[in-house]
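Visitor: File input15.cif below, mmCIF, C-alpha atoms and all ligand atoms:
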data_start
#
loop_
_atom_site.label_atom_id
_atom_site.label_comp_id
_atom_site.auth_asym_id
_atom_site.auth_seq_id
_atom_site.Cartn_x
_atom_site.Cartn_y
_atom_site.Cartn_z
CA MET A 1 -18.20 -32.71 15.56
CA ILE A 2 -20.71 -30.74 17.59
CA ASN A 3 -20.94 -32.04 21.14
CA GLY A 4 -21.98 -29.33 23.53
CA GLN A 5 -19.39 -26.65 22.74
CA LYS A 6 -20.13 -23.41 24.56
CA ILE A 7 -20.78 -20.47 22.25
CA LEU A 8 -20.89 -16.89 23.57
CA ILE A 9 -23.20 -14.65 21.51
CA THR A 10 -22.37 -11.04 22.28
CA ARG A 11 -25.43 -9.14 21.00
CA GLN A 12 -29.05 -9.72 19.98
CA TYR A 13 -28.52 -10.93 16.42
CA PRO A 14 -31.40 -11.71 13.97
CA ALA A 15 -33.19 -15.00 14.56
CA ALA A 16 -32.37 -16.35 11.07
CA GLY A 17 -28.86 -17.39 12.13
CA MET A 18 -29.52 -17.93 15.83
CA ASP A 19 -32.20 -20.52 14.97
CA LEU A 20 -29.57 -22.47 12.99
CA LEU A 21 -27.31 -22.53 16.05
CA LYS A 22 -30.20 -23.58 18.31
CA LYS A 23 -30.86 -26.64 16.11
CA GLU A 24 -27.37 -27.98 16.88
CA PRO A 25 -26.27 -29.53 20.18
CA PHE A 26 -24.33 -26.42 21.30
CA GLN A 27 -24.61 -24.69 24.67
CA LEU A 28 -25.49 -21.11 23.74
CA THR A 29 -25.06 -18.07 25.97
CA PHE A 30 -26.90 -14.96 24.76
CA TRP A 31 -25.98 -11.52 26.12
CA GLU A 32 -29.47 -10.15 26.69
CA LYS A 33 -28.73 -6.46 27.25
CA GLU A 34 -29.15 -3.81 24.51
CA ARG A 35 -25.70 -2.40 25.14
CA PRO A 36 -22.49 -4.20 24.15
CA MET A 37 -20.42 -5.85 26.87
CA THR A 38 -17.58 -3.85 28.35
CA PRO A 39 -14.12 -5.29 27.61
CA ALA A 40 -14.01 -6.69 31.17
CA GLU A 41 -17.44 -8.33 30.84
CA LEU A 42 -16.53 -9.76 27.44
CA ALA A 43 -13.28 -11.32 28.65
CA ALA A 44 -14.88 -12.69 31.84
CA GLN A 45 -17.67 -14.34 29.83
CA ALA A 46 -15.46 -15.59 26.99
CA GLU A 47 -13.05 -17.27 29.41
CA ASP A 48 -15.70 -19.88 30.02
CA HIS A 49 -16.63 -20.49 26.35
CA ASP A 50 -15.21 -22.34 23.35
CA ALA A 51 -16.33 -19.98 20.61
CA LEU A 52 -17.41 -16.38 20.18
CA LEU A 53 -19.98 -14.80 17.88
CA CYS A 54 -19.19 -11.07 18.03
CA THR A 55 -19.46 -7.83 16.08
CA LEU A 56 -17.79 -4.49 15.52
CA THR A 57 -18.75 -3.15 18.97
CA ASP A 58 -16.67 -5.89 20.66
CA ARG A 59 -12.99 -5.14 21.14
CA ILE A 60 -11.04 -8.31 20.34
CA ASP A 61 -7.54 -6.94 21.00
CA LYS A 62 -4.29 -8.48 22.21
CA PRO A 63 -5.11 -8.32 25.94
CA PHE A 64 -8.44 -10.06 25.24
CA LEU A 65 -6.79 -12.70 23.04
CA ASP A 66 -4.01 -13.28 25.60
CA ARG A 67 -6.68 -14.01 28.20
CA CYS A 68 -8.89 -16.05 25.85
CA SER A 69 -6.32 -17.84 23.69
CA HIS A 70 -8.30 -21.07 24.24
CA LEU A 71 -11.07 -19.87 21.87
CA GLU A 72 -11.52 -22.33 19.01
CA ILE A 73 -13.22 -19.92 16.59
CA ILE A 74 -14.27 -16.28 16.47
CA SER A 75 -17.16 -15.52 14.14
CA GLN A 76 -17.61 -11.83 13.34
CA PHE A 77 -21.07 -10.52 12.39
CA ALA A 78 -19.77 -7.85 9.95
CA VAL A 79 -17.71 -7.50 6.80
CA GLY A 80 -15.27 -5.09 8.48
CA PHE A 81 -13.01 -6.50 11.19
CA ASP A 82 -10.84 -3.63 12.42
CA ASN A 83 -12.14 -4.36 15.96
CA ILE A 84 -10.19 -7.64 15.89
CA ASP A 85 -6.42 -8.00 16.12
CA ILE A 86 -6.20 -10.49 13.25
CA PRO A 87 -2.38 -10.99 13.34
CA GLU A 88 -2.66 -11.85 17.05
CA ALA A 89 -5.60 -14.25 16.49
CA THR A 90 -3.56 -15.87 13.71
CA ARG A 91 -0.50 -16.22 15.98
CA LYS A 92 -2.79 -17.96 18.46
CA ASN A 93 -4.20 -20.21 15.70
CA ILE A 94 -7.75 -18.94 16.13
CA PRO A 95 -9.72 -18.89 12.87
CA VAL A 96 -11.78 -15.73 12.41
CA GLY A 97 -14.91 -15.83 10.24
CA PHE A 98 -16.79 -12.84 8.82
CA THR A 99 -19.84 -12.08 6.65
CA PRO A 100 -18.76 -10.64 3.28
CA ASP A 101 -21.18 -9.58 0.57
CA ALA A 102 -24.27 -9.98 2.78
CA MET A 103 -24.65 -6.20 2.97
CA SER A 104 -23.21 -4.94 -0.32
CA GLU A 105 -26.57 -3.84 -1.77
CA ALA A 106 -27.71 -2.31 1.52
CA THR A 107 -24.51 -0.33 2.06
CA ALA A 108 -24.37 0.86 -1.56
CA ASP A 109 -27.94 2.15 -1.11
CA ILE A 110 -26.80 4.22 1.86
CA ALA A 111 -23.82 5.63 -0.08
CA PHE A 112 -26.05 6.44 -3.06
CA GLY A 113 -28.73 7.93 -0.81
CA LEU A 114 -26.21 10.07 1.06
CA MET A 115 -24.85 11.36 -2.24
CA ILE A 116 -28.27 12.67 -3.29
CA ALA A 117 -29.09 13.85 0.24
CA VAL A 118 -25.91 15.97 0.33
CA ALA A 119 -26.25 17.29 -3.23
CA ARG A 120 -29.79 18.47 -2.40
CA LYS A 121 -29.26 19.31 1.32
CA PHE A 122 -32.02 16.93 2.50
CA PHE A 123 -31.17 16.88 6.19
CA PHE A 124 -30.65 20.64 6.49
CA LEU A 125 -33.88 21.42 4.62
CA HIS A 126 -35.81 18.96 6.77
CA LYS A 127 -34.58 20.81 9.85
CA THR A 128 -35.92 24.14 8.48
CA ILE A 129 -39.41 22.64 8.64
CA LEU A 130 -38.93 21.47 12.23
CA THR A 131 -37.64 24.88 13.34
CA GLY A 132 -40.37 26.86 11.55
CA GLU A 133 -37.85 28.44 9.13
CA TRP A 134 -39.48 27.09 5.98
CA GLY A 135 -40.87 30.51 5.04
CA TYR A 136 -41.69 31.09 1.38
CA PHE A 137 -40.56 29.44 -1.83
CA ASN A 138 -37.14 30.99 -2.34
CA PRO A 139 -35.88 31.18 -5.93
CA THR A 140 -32.24 31.48 -4.86
CA GLY A 141 -32.09 29.92 -1.37
CA HIS A 142 -30.26 26.71 -0.37
CA LEU A 143 -29.65 25.49 -3.90
CA GLY A 144 -28.15 22.07 -4.47
CA TYR A 145 -26.59 20.63 -7.57
CA GLU A 146 -27.40 18.00 -10.16
CA LEU A 147 -25.54 14.73 -10.40
CA LYS A 148 -26.00 13.87 -14.07
CA GLY A 149 -22.64 13.23 -15.72
CA ARG A 150 -20.52 14.09 -12.65
CA THR A 151 -17.38 12.06 -12.17
CA LEU A 152 -17.64 9.36 -9.51
CA GLY A 153 -14.42 8.45 -7.71
CA ILE A 154 -14.39 5.21 -5.74
CA PHE A 155 -11.71 4.57 -3.14
CA GLY A 156 -11.76 0.78 -2.75
CA LEU A 157 -13.56 -0.78 -5.72
CA GLY A 158 -14.49 -4.08 -4.09
CA ARG A 159 -17.90 -5.66 -3.54
CA ILE A 160 -19.63 -2.57 -2.11
CA GLY A 161 -17.76 -0.03 -4.26
CA VAL A 162 -18.88 -1.84 -7.41
CA LYS A 163 -22.52 -1.72 -6.28
CA MET A 164 -22.25 2.05 -5.67
CA ALA A 165 -20.60 2.53 -9.08
CA GLU A 166 -23.33 0.49 -10.81
CA ARG A 167 -26.01 2.71 -9.25
CA CYS A 168 -24.29 5.97 -10.20
CA HIS A 169 -23.47 4.76 -13.71
CA ALA A 170 -27.04 3.59 -14.37
CA ALA A 171 -28.86 6.53 -12.75
CA TYR A 172 -26.64 9.47 -13.73
CA ASP A 173 -24.37 8.20 -16.48
CA MET A 174 -21.40 9.02 -14.29
CA PRO A 175 -17.91 8.26 -15.56
CA VAL A 176 -16.21 6.10 -12.89
CA ILE A 177 -12.61 6.41 -11.76
CA TYR A 178 -11.15 4.41 -8.89
CA HIS A 179 -8.13 3.77 -6.74
CA ASN A 180 -7.46 0.39 -5.13
CA ARG A 181 -4.65 -1.80 -3.87
CA SER A 182 -5.15 -3.87 -7.03
CA ARG A 183 -6.93 -3.38 -10.35
CA ASN A 184 -10.50 -4.60 -10.81
CA PRO A 185 -10.62 -5.76 -14.47
CA ALA A 186 -14.26 -6.94 -14.23
CA ALA A 187 -15.44 -3.47 -13.15
CA GLU A 188 -13.24 -1.82 -15.77
CA LYS A 189 -15.00 -3.91 -18.40
CA GLN A 190 -18.54 -3.65 -16.99
CA LEU A 191 -18.56 0.05 -16.05
CA GLY A 192 -15.67 1.48 -18.04
CA ALA A 193 -14.10 2.25 -14.64
CA ARG A 194 -10.64 3.83 -14.99
CA PHE A 195 -7.84 3.09 -12.49
CA VAL A 196 -6.06 6.29 -11.34
CA SER A 197 -3.48 7.20 -8.70
CA PHE A 198 -4.75 8.37 -5.32
CA ASP A 199 -3.85 11.98 -6.15
CA ARG A 200 -5.71 11.85 -9.51
CA LEU A 201 -8.72 10.40 -7.66
CA LEU A 202 -8.67 13.39 -5.32
CA GLU A 203 -8.21 15.92 -8.12
CA GLN A 204 -10.78 14.56 -10.57
CA SER A 205 -13.72 13.23 -8.49
CA ASP A 206 -16.93 15.24 -8.14
CA ILE A 207 -18.28 12.56 -5.82
CA LEU A 208 -15.64 10.65 -3.87
CA SER A 209 -17.04 7.57 -2.15
CA VAL A 210 -14.98 5.51 0.30
CA HIS A 211 -15.42 1.72 0.33
CA CYS A 212 -12.09 0.39 1.60
CA ALA A 213 -11.21 -1.46 4.81
CA LEU A 214 -9.75 0.44 7.76
CA THR A 215 -6.07 -0.57 7.94
CA PRO A 216 -2.92 1.20 9.16
CA GLU A 217 -2.48 2.42 5.54
CA THR A 218 -5.99 3.86 5.17
CA ARG A 219 -6.34 5.36 8.68
CA HIS A 220 -6.69 9.16 8.23
CA ILE A 221 -5.78 8.92 4.54
CA PHE A 222 -8.48 11.56 3.96
CA ASN A 223 -6.74 14.35 5.85
CA ALA A 224 -6.00 18.05 5.30
CA ARG A 225 -3.59 17.26 2.47
CA ALA A 226 -6.17 15.09 0.69
CA PHE A 227 -9.05 17.56 1.12
CA ARG A 228 -6.83 20.40 -0.22
CA LYS A 229 -6.38 18.43 -3.45
CA MET A 230 -10.10 17.84 -3.95
CA LYS A 231 -12.40 20.01 -6.08
CA PRO A 232 -14.32 22.81 -4.33
CA SER A 233 -17.42 21.16 -5.85
CA ALA A 234 -16.58 17.70 -4.44
CA VAL A 235 -18.87 15.66 -2.21
CA PHE A 236 -17.06 13.26 0.15
CA ILE A 237 -18.99 10.10 1.11
CA ASN A 238 -17.78 7.63 3.75
CA THR A 239 -19.82 4.49 4.49
CA ALA A 240 -16.78 2.35 5.40
CA ARG A 241 -15.13 3.29 8.72
CA GLY A 242 -14.93 6.67 10.47
CA PRO A 243 -11.17 6.80 11.08
CA ILE A 244 -10.47 6.61 7.32
CA HIS A 245 -11.12 10.35 7.34
CA HIS A 246 -9.58 12.72 9.87
CA GLU A 247 -12.67 14.36 11.29
CA PRO A 248 -11.19 17.73 12.42
CA ASP A 249 -9.55 18.07 8.98
CA LEU A 250 -12.88 17.30 7.30
CA ILE A 251 -14.63 19.94 9.42
CA ALA A 252 -11.94 22.50 8.52
CA ALA A 253 -12.12 21.62 4.81
CA LEU A 254 -15.89 22.15 4.84
CA HIS A 255 -15.61 25.43 6.78
CA GLN A 256 -12.99 26.70 4.34
CA LYS A 257 -15.09 25.49 1.37
CA GLN A 258 -12.21 23.36 0.08
CA ILE A 259 -14.90 20.76 -0.67
CA TRP A 260 -18.63 21.24 -1.18
CA GLY A 261 -20.17 18.69 1.16
CA ALA A 262 -19.98 15.38 2.97
CA GLY A 263 -22.21 12.36 3.59
CA LEU A 264 -21.14 10.11 6.44
CA ASP A 265 -22.57 6.83 7.68
CA VAL A 266 -19.50 6.35 9.86
CA THR A 267 -17.81 8.76 12.24
CA ASP A 268 -14.89 8.87 14.64
CA PRO A 269 -15.75 8.31 17.41
CA GLU A 270 -19.04 6.46 17.26
CA PRO A 271 -21.48 7.54 18.47
CA MET A 272 -20.88 11.10 17.24
CA ALA A 273 -21.45 13.76 19.92
CA PRO A 274 -24.78 15.56 19.35
CA ASP A 275 -22.98 18.94 19.34
CA ASN A 276 -20.54 17.95 16.58
CA PRO A 277 -20.30 20.90 14.14
CA LEU A 278 -20.87 18.54 11.19
CA LEU A 279 -24.47 18.09 12.34
CA SER A 280 -25.33 21.75 11.80
CA MET A 281 -23.64 22.22 8.42
CA GLU A 282 -25.92 22.85 5.46
CA ASN A 283 -24.08 20.53 3.05
CA VAL A 284 -23.51 17.62 5.42
CA CYS A 285 -25.67 14.56 6.09
CA VAL A 286 -24.73 12.12 8.84
CA LEU A 287 -26.27 8.73 9.64
CA PRO A 288 -25.56 6.52 12.69
CA HIS A 289 -23.62 3.64 11.03
CA THR A 290 -26.57 1.94 9.41
CA GLY A 291 -25.10 0.76 6.09
CA SER A 292 -26.08 -2.88 6.58
CA GLY A 293 -29.33 -1.97 8.31
CA THR A 294 -31.90 -3.77 6.19
CA MET A 295 -33.85 -6.83 7.31
CA GLU A 296 -32.46 -8.77 4.34
CA ALA A 297 -28.81 -7.91 4.96
CA ARG A 298 -28.93 -8.48 8.71
CA ASP A 299 -30.62 -11.87 8.20
CA ARG A 300 -27.93 -12.90 5.71
CA MET A 301 -25.18 -11.73 8.08
CA SER A 302 -26.73 -13.69 10.93
CA VAL A 303 -26.92 -16.86 8.82
CA LEU A 304 -23.33 -16.52 7.57
CA ALA A 305 -21.99 -15.87 11.07
CA ALA A 306 -23.82 -18.94 12.40
CA GLU A 307 -22.76 -21.12 9.47
CA ASN A 308 -19.12 -20.21 10.01
CA ILE A 309 -19.33 -21.75 13.50
CA ILE A 310 -21.46 -24.75 12.52
CA MET A 311 -19.29 -25.67 9.54
CA PHE A 312 -16.11 -25.24 11.57
CA TYR A 313 -17.26 -27.83 14.10
CA LYS A 314 -18.74 -30.15 11.45
CA THR A 315 -15.99 -30.04 8.81
CA GLY A 316 -13.01 -28.17 10.21
CA GLN A 317 -13.51 -25.48 7.54
CA VAL A 318 -14.86 -21.93 7.93
CA PRO A 319 -16.73 -20.91 4.74
CA HIS A 320 -15.93 -17.19 5.08
CA ILE A 321 -12.62 -16.79 6.82
CA ILE A 322 -10.27 -13.82 7.25
CA ASN A 323 -7.13 -15.81 8.20
CA PRO A 324 -7.29 -19.07 6.16
CA GLU A 325 -3.61 -19.78 6.91
CA VAL A 326 -4.72 -20.93 10.39
CA LEU A 327 -6.64 -23.87 8.90
CA SER A 328 -4.40 -24.73 5.98
CA GLY A 329 -1.48 -25.99 8.08
C1 LIG B 401 -20.55 -2.92 9.08
O1 LIG B 401 -20.05 -1.85 9.28
C2 LIG B 401 -19.81 -4.07 8.66
O2 LIG B 401 -18.58 -4.03 8.64
O3 LIG B 401 -20.45 -5.10 8.35
#
Would you kindly transcribe this structure into structure tokens?
Ligand code: GLV
Guide:
Amino acid sequence: MINGQKILITRQYPAAGMDLLKKEPFQLTFWEKERPMTPAELAAQAEDHDALLCTLTDRIDKPFLDRCSHLEIISQFAVGFDNIDIPEATRKNIPVGFTPDAMSEATADIAFGLMIAVARKFFFLHKTILTGEWGYFNPTGHLGYELKGRTLGIFGLGRIGVKMAERCHAAYDMPVIYHNRSRNPAAEKQLGARFVSFDRLLEQSDILSVHCALTPETRHIFNARAFRKMKPSAVFINTARGPIHHEPDLIAALHQKQIWGAGLDVTDPEPMAPDNPLLSMENVCVLPHTGSGTMEARDRMSVLAAENIIMFYKTGQVPHIINPEVLSG
């Protein structure tokens, strides 16, 4: 039952979901600044609240959870949740909601766009206009490559990976191979996707697009060893989480031409330093973590994050929950 619970809302989220919260008899606290709260500000504020609506810029780690173990629900505005210590929240019986699928189309568009942008050097060529280096039509300068029929490798063929594979299959008739924790029979049937080992994925992909969660197993899985196994013509795309690739190893692999190019929507750290060598490489395109950045996706995320809190207080259930074991006992 909703009867004045105090909800801390850590950023300026789209109105679509916030209006749903405002219609209920909650006491809402909105953090009004553009920047995220520091860990100290977050803990000090959360101490005095019953529930938290947060996102990937908020660090919900063990020290925070030790101090705020009274929280009744944490609702994350994102599909990824590596900013939250889920085992610790579970030990403290705090349900954690999230917003899956709201941004699958939007994020797949960014992966697909980065693939073309890298293959045709969009960002580098744009800079030649800004710096006055355009010059004349050059029959042999800065040539890219065509994507038709290239092999697409997907690491993590879940909701977003499938949307990327659908785009590549439909637009460029790409054969799809993938590696996952578990098989995806629906995608195998729909797209003819072929399950391969991680090493085969590295060896056979022309485009290798990352769509997995960041976990201890996937942290830095794309490292020097992995890049050495990839084709010299390969394009590496990461729209998932920056630490899934080891950035110095990626820079070295590109310098040594072990792979052809890279498209990144996520970096490690974020924000990326403006003098990062990746930003001046001809075959690299970097975006500032904007995969879910459409009006439609952000509205859906806002609604799901709000509904997770509202439904929890009305029914005891969280429609989209990461740790359901907390509520099933
Ligand atoms: C964005 O990165 C998300 O996890 O939703």
Visitor: List as a PyMOL selection string the protein and nucleic acid residues lying within 12 Å of ligand LIG 401 (chain B), with all atoms listed in the file counted.
Guide: chain A and resi 54-57+76-84+98-108+110+160+211-214+238-242+265-267+270+288-294+297-298+300-302+304-305
Visitor: Which polymer residues have any atom within 8 Å of an atom of Met115 (chain A), counting only C-alpha atoms, with same-chain residues fewer than 5 positions away left out, as number ranges by chain?
Guide: A: 207, 235, 237, 263
Visitor: Could you tell me how far CA of Ala16 (chain A) sits from CA of His320 (chain A), in Å to one decimal place?
Guide: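 Rounded to one decimal, the two atoms are 17.5 Å apart.
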Visitor: Which distance in Å separates CA of Met281 (chain A) and CA of Pro248 (chain A), to one decimal?
Guide: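 CA of Pro248 (chain A) lies 13.8 Å from CA of Met281 (chain A).
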Visitor: Hey, can you pull every residue with an atom no more than 12 Å from (-2.6, 17.5, 1.7), using only C-alpha atoms, and send it as a short mmCIF file (atom, residue, chain, number, x, y, z; two decimals) with C-alpha atoms, keeping the file's coordinate frame?
Guide:
data_model
loop_
_atom_site.label_atom_id
_atom_site.label_comp_id
_atom_site.auth_asym_id
_atom_site.auth_seq_id
_atom_site.Cartn_x
_atom_site.Cartn_y
_atom_site.Cartn_z
CA PHE A 198 -4.75 8.37 -5.32
CA ASP A 199 -3.85 11.98 -6.15
CA LEU A 202 -8.67 13.39 -5.32
CA GLU A 203 -8.21 15.92 -8.12
CA HIS A 220 -6.69 9.16 8.23
CA ILE A 221 -5.78 8.92 4.54
CA PHE A 222 -8.48 11.56 3.96
CA ASN A 223 -6.74 14.35 5.85
CA ALA A 224 -6.00 18.05 5.30
CA ARG A 225 -3.59 17.26 2.47
CA ALA A 226 -6.17 15.09 0.69
CA PHE A 227 -9.05 17.56 1.12
CA ARG A 228 -6.83 20.40 -0.22
CA LYS A 229 -6.38 18.43 -3.45
CA MET A 230 -10.10 17.84 -3.95
CA HIS A 246 -9.58 12.72 9.87
CA ASP A 249 -9.55 18.07 8.98
CA LEU A 250 -12.88 17.30 7.30
CA ALA A 253 -12.12 21.62 4.81
CA GLN A 258 -12.21 23.36 0.08
#
Visitor: If we count only C-alpha atoms, what is near Ala43 (chain A) at a cut-off of 8 Å, once residues fewer than 5 positions away on the same chain are taken out, given as a list of chain:residue names?
Guide: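 Residues meeting the cut-off are A:Phe64, A:Arg67, A:Cys68.
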Visitor: Between A:Ile86, A:Ala40, A:Leu53, A:Val284, single out the one closest to Gly17 (chain A), counting all atoms listed in the file.
Guide: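 Of A:Ile86, A:Ala40, A:Leu53, A:Val284, the one nearest Gly17 (chain A) is A:Leu53, counting all atoms listed in the file.
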Visitor: What does the distance from CA of Glu307 (chain A) to CA of Ser75 (chain A) come to in Å, to one decimal?
Guide: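 That distance, rounded to one decimal, is 9.2 Å.
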Visitor: With 4 Å added on each side, what axis-aligned box encloses every listed atom of region 161-178 of chain A? Give the centre and edge lengths in Å to one decimal, as lines of an AutoDock Vina configuration file.
Guide:
center_x = -20.0
center_y = 3.8
center_z = -10.4
size_x = 25.7
size_y = 19.3
size_z = 20.2
Visitor: Kindly indicate which residue among A:Leu28, A:Val318, A:Val162, A:Leu201 lies nearest to Asn184 (chain A), using all atoms listed in the file for the distances.
Guide: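 So, comparing all the options, the nearest one is A:Val162.
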Visitor: Counting only C-alpha atoms, which of A:Glu217, A:Asp109, A:Glu47, A:Glu133 gets nearest to Asp66 (chain A)?
Guide: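 Selected residue with least distance to Asp66 (chain A): A:Glu47.
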Visitor: Counting all atoms listed in the file, I want the residues whose atoms come within 9 Å of (-7.3, -18.4, 15.1) in the file frame, returned as a PyMOL selection string.
Guide: chain A and resi 69+71-74+86+88-96+323-324+326-327
Visitor: Keeping C-alpha atoms for every residue in the selection just given, could you write it to a file as an mmCIF file, in the frame of the given file?
Guide:
data_model
loop_
_atom_site.group_PDB
_atom_site.id
_atom_site.type_symbol
_atom_site.label_atom_id
_atom_site.label_comp_id
_atom_site.auth_asym_id
_atom_site.auth_seq_id
_atom_site.Cartn_x
_atom_site.Cartn_y
_atom_site.Cartn_z
ATOM 1 C CA SER A 69 -6.320 -17.840 23.690
ATOM 2 C CA LEU A 71 -11.070 -19.870 21.870
ATOM 3 C CA GLU A 72 -11.520 -22.330 19.010
ATOM 4 C CA ILE A 73 -13.220 -19.920 16.590
ATOM 5 C CA ILE A 74 -14.270 -16.280 16.470
ATOM 6 C CA ILE A 86 -6.200 -10.490 13.250
ATOM 7 C CA GLU A 88 -2.660 -11.850 17.050
ATOM 8 C CA ALA A 89 -5.600 -14.250 16.490
ATOM 9 C CA THR A 90 -3.560 -15.870 13.710
ATOM 10 C CA ARG A 91 -0.500 -16.220 15.980
ATOM 11 C CA LYS A 92 -2.790 -17.960 18.460
ATOM 12 C CA ASN A 93 -4.200 -20.210 15.700
ATOM 13 C CA ILE A 94 -7.750 -18.940 16.130
ATOM 14 C CA PRO A 95 -9.720 -18.890 12.870
ATOM 15 C CA VAL A 96 -11.780 -15.730 12.410
ATOM 16 C CA ASN A 323 -7.130 -15.810 8.200
ATOM 17 C CA PRO A 324 -7.290 -19.070 6.160
ATOM 18 C CA VAL A 326 -4.720 -20.930 10.390
ATOM 19 C CA LEU A 327 -6.640 -23.870 8.900
#
Visitor: Set the distance at 9 Å and use all atoms listed in the file: which residues neighbour region 187-193 of chain A once local chain neighbours fewer than 6 positions away are removed? I'd like the list as an mmCIF file with C-alpha atoms, in the frame of the given file.
Guide:
data_model
loop_
_atom_site.group_PDB
_atom_site.id
_atom_site.type_symbol
_atom_site.label_atom_id
_atom_site.label_comp_id
_atom_site.auth_asym_id
_atom_site.auth_seq_id
_atom_site.Cartn_x
_atom_site.Cartn_y
_atom_site.Cartn_z
ATOM 1 C CA LEU A 157 -13.560 -0.780 -5.720
ATOM 2 C CA VAL A 162 -18.880 -1.840 -7.410
ATOM 3 C CA ALA A 165 -20.600 2.530 -9.080
ATOM 4 C CA GLU A 166 -23.330 0.490 -10.810
ATOM 5 C CA HIS A 169 -23.470 4.760 -13.710
ATOM 6 C CA PRO A 175 -17.910 8.260 -15.560
ATOM 7 C CA VAL A 176 -16.210 6.100 -12.890
ATOM 8 C CA ILE A 177 -12.610 6.410 -11.760
ATOM 9 C CA TYR A 178 -11.150 4.410 -8.890
#
Visitor: At a cut-off of 8 Å, using all atoms listed in the file, what residues contact Ser209 (chain A)? Leave out same-chain residues fewer than 6 positions from it and give the result as JSON, numbers by chain.
Guide: {"A": [111, 152, 153, 154, 155, 161, 236, 237, 238, 239]}
Visitor: With C-alpha atoms retained, could you export that selection as an mmCIF file, keeping the file's coordinate frame?
Guide:
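To be explicit, this is the file written out as part_4.cif:
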data_model
loop_
_atom_site.group_PDB
_atom_site.id
_atom_site.type_symbol
_atom_site.label_atom_id
_atom_site.label_comp_id
_atom_site.auth_asym_id
_atom_site.auth_seq_id
_atom_site.Cartn_x
_atom_site.Cartn_y
_atom_site.Cartn_z
ATOM 1 C CA ALA A 111 -23.820 5.630 -0.080
ATOM 2 C CA LEU A 152 -17.640 9.360 -9.510
ATOM 3 C CA GLY A 153 -14.420 8.450 -7.710
ATOM 4 C CA ILE A 154 -14.390 5.210 -5.740
ATOM 5 C CA PHE A 155 -11.710 4.570 -3.140
ATOM 6 C CA GLY A 161 -17.760 -0.030 -4.260
ATOM 7 C CA PHE A 236 -17.060 13.260 0.150
ATOM 8 C CA ILE A 237 -18.990 10.100 1.110
ATOM 9 C CA ASN A 238 -17.780 7.630 3.750
ATOM 10 C CA THR A 239 -19.820 4.490 4.490
#
